[in-house]
Structure formats: structure tokens, C-alpha cells
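Here the structure is laid out as C-alpha cells; the discussion comes afterwards.
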Amino acid sequence: MATPLRSFVQAAQVEAEVVPLRVVQIEGLVALKIIKHCKECMPALVTGQLLGLDIGSILEVTNCFPFPVCFYERFLAFNCERSVDI
């Protein structure tokens with residue numbers, strides 16, 4: 001017997017079994033990108049986004065992107081130092 005088609009709402013309401021994460025795997029390039037971002041914005045705190053997959057109890061981080069917060073701070077500091085009242 002074929003299974004009946006379900007709408008997205010019906011499929012979303014089905015509770016899936018939650019498996020706790022036990023391992024986080026970070027690719028080497030991701031670690032280097034994080035280190036580079038931290039070094040460029042030192043001593044300010046940095047933020048960014050991690051991308052990857054959770055497969056069972058393993059979280060695989062495959063890429064990352066920095067949020068350019070420190071660049072705005074440097075831009076504002078540079079402009080404040082250079083501004084002259086006329």
C-alpha cells in the first residue's frame with residue numbers, strides 16, 4: 001500500500017528523534033579562516049557564521065564567514081581621528 005502524500009505543515013508537525021551532538025569536526029581551512037579573522041581584528045571580539053551539517057551525533061563544520069564588525073570600528077575610529085572642525 002502506498003503512503004499518502006502529506007503537506008509540508010503535516011510533515012513539519014511530525015517530531016523527529018533528537019540525537020544529542022557528541023562530536024564537532026572542523027575542517028582545517030575553517031580553523032585557519034577563524035584564526036585569520038581573529039588576528040585581523042585583534043583585540044576586538046569577532047563574530048561570524050559557521051556552516052555545516054549535523055549527521056547523527058556529529059556536527060561537521062565545513063565553511064565559515066566573518067561578520068565585518070571590526071572593519072566598521074576601524075572605519076569610525078579613522079574618520080574620528082581625521083575630522084577637523086572648521
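If you're wondering about the labels, chains in the C-alpha cells are A, B, ... by order shown, residues count from 1 in each chain, ligands from 1 in order shown.
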
Residues within 9 Å of region 33-37 of chain A, only C-alpha atoms, excluding chain neighbours under 5 positions, as a VMD selection string: chain A and resid 28 42 46 to 48 63 to 66

10 Å contact set for region 23-26 of chain A, only C-alpha atoms, chain neighbours under 2 positions out, as an mmCIF file with N, CA and C atoms, in the first residue's frame:
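Here's the written file result-v9.cif:
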```cif
data_model
loop_
_atom_site.group_PDB
_atom_site.id
_atom_site.type_symbol
_atom_site.label_atom_id
_atom_site.label_comp_id
_atom_site.auth_asym_id
_atom_site.auth_seq_id
_atom_site.Cartn_x
_atom_site.Cartn_y
_atom_site.Cartn_z
ATOM 1 N N PRO A 20 21.527 13.854 20.567
ATOM 2 C CA PRO A 20 22.462 14.881 21.055
ATOM 3 C C PRO A 20 23.798 14.814 20.313
ATOM 4 N N LEU A 21 24.387 15.978 20.113
ATOM 5 C CA LEU A 21 25.694 16.045 19.460
ATOM 6 C C LEU A 21 26.766 15.576 20.429
ATOM 7 N N GLY A 28 40.197 21.938 8.404
ATOM 8 C CA GLY A 28 41.395 22.750 8.617
ATOM 9 C C GLY A 28 41.268 24.155 8.073
ATOM 10 N N LEU A 29 40.675 24.311 6.884
ATOM 11 C CA LEU A 29 40.514 25.635 6.289
ATOM 12 C C LEU A 29 39.620 26.522 7.156
ATOM 13 N N VAL A 30 38.611 25.926 7.773
ATOM 14 C CA VAL A 30 37.721 26.691 8.653
ATOM 15 C C VAL A 30 38.501 27.220 9.852
ATOM 16 N N ALA A 31 39.317 26.377 10.445
ATOM 17 C CA ALA A 31 40.123 26.817 11.593
ATOM 18 C C ALA A 31 41.062 27.949 11.190
ATOM 19 N N LEU A 50 29.096 29.923 11.093
ATOM 20 C CA LEU A 50 29.633 28.611 10.777
ATOM 21 C C LEU A 50 28.619 27.858 9.937
ATOM 22 N N GLY A 52 27.664 24.032 8.036
ATOM 23 C CA GLY A 52 27.990 22.615 8.043
ATOM 24 C C GLY A 52 26.740 21.764 8.156
ATOM 25 N N LEU A 53 26.952 20.538 8.546
ATOM 26 C CA LEU A 53 25.879 19.555 8.646
ATOM 27 C C LEU A 53 25.940 18.849 9.982
ATOM 28 N N ASP A 54 24.767 18.473 10.479
ATOM 29 C CA ASP A 54 24.755 17.576 11.627
ATOM 30 C C ASP A 54 24.245 16.223 11.136
ATOM 31 N N GLY A 56 23.692 12.630 12.475
ATOM 32 C CA GLY A 56 23.637 11.811 13.689
ATOM 33 C C GLY A 56 24.134 12.612 14.880
ATOM 34 N N SER A 57 25.159 12.111 15.527
ATOM 35 C CA SER A 57 25.702 12.794 16.701
ATOM 36 C C SER A 57 26.957 13.593 16.368
ATOM 37 N N ILE A 58 27.242 13.789 15.063
ATOM 38 C CA ILE A 58 28.442 14.518 14.631
ATOM 39 C C ILE A 58 28.040 15.821 13.949
ATOM 40 N N LEU A 59 28.631 16.920 14.380
ATOM 41 C CA LEU A 59 28.447 18.208 13.728
ATOM 42 C C LEU A 59 29.696 18.491 12.903
ATOM 43 N N GLU A 60 29.539 18.561 11.578
ATOM 44 C CA GLU A 60 30.659 18.810 10.678
ATOM 45 C C GLU A 60 30.629 20.266 10.232
ATOM 46 N N VAL A 61 31.633 21.058 10.616
ATOM 47 C CA VAL A 61 31.737 22.453 10.205
ATOM 48 C C VAL A 61 32.602 22.485 8.954
ATOM 49 N N THR A 62 31.981 22.877 7.822
ATOM 50 C CA THR A 62 32.670 22.795 6.537
ATOM 51 C C THR A 62 33.086 24.146 5.970
ATOM 52 N N ASN A 63 32.528 25.236 6.483
ATOM 53 C CA ASN A 63 32.899 26.560 5.991
ATOM 54 C C ASN A 63 32.520 27.595 7.037
#
```
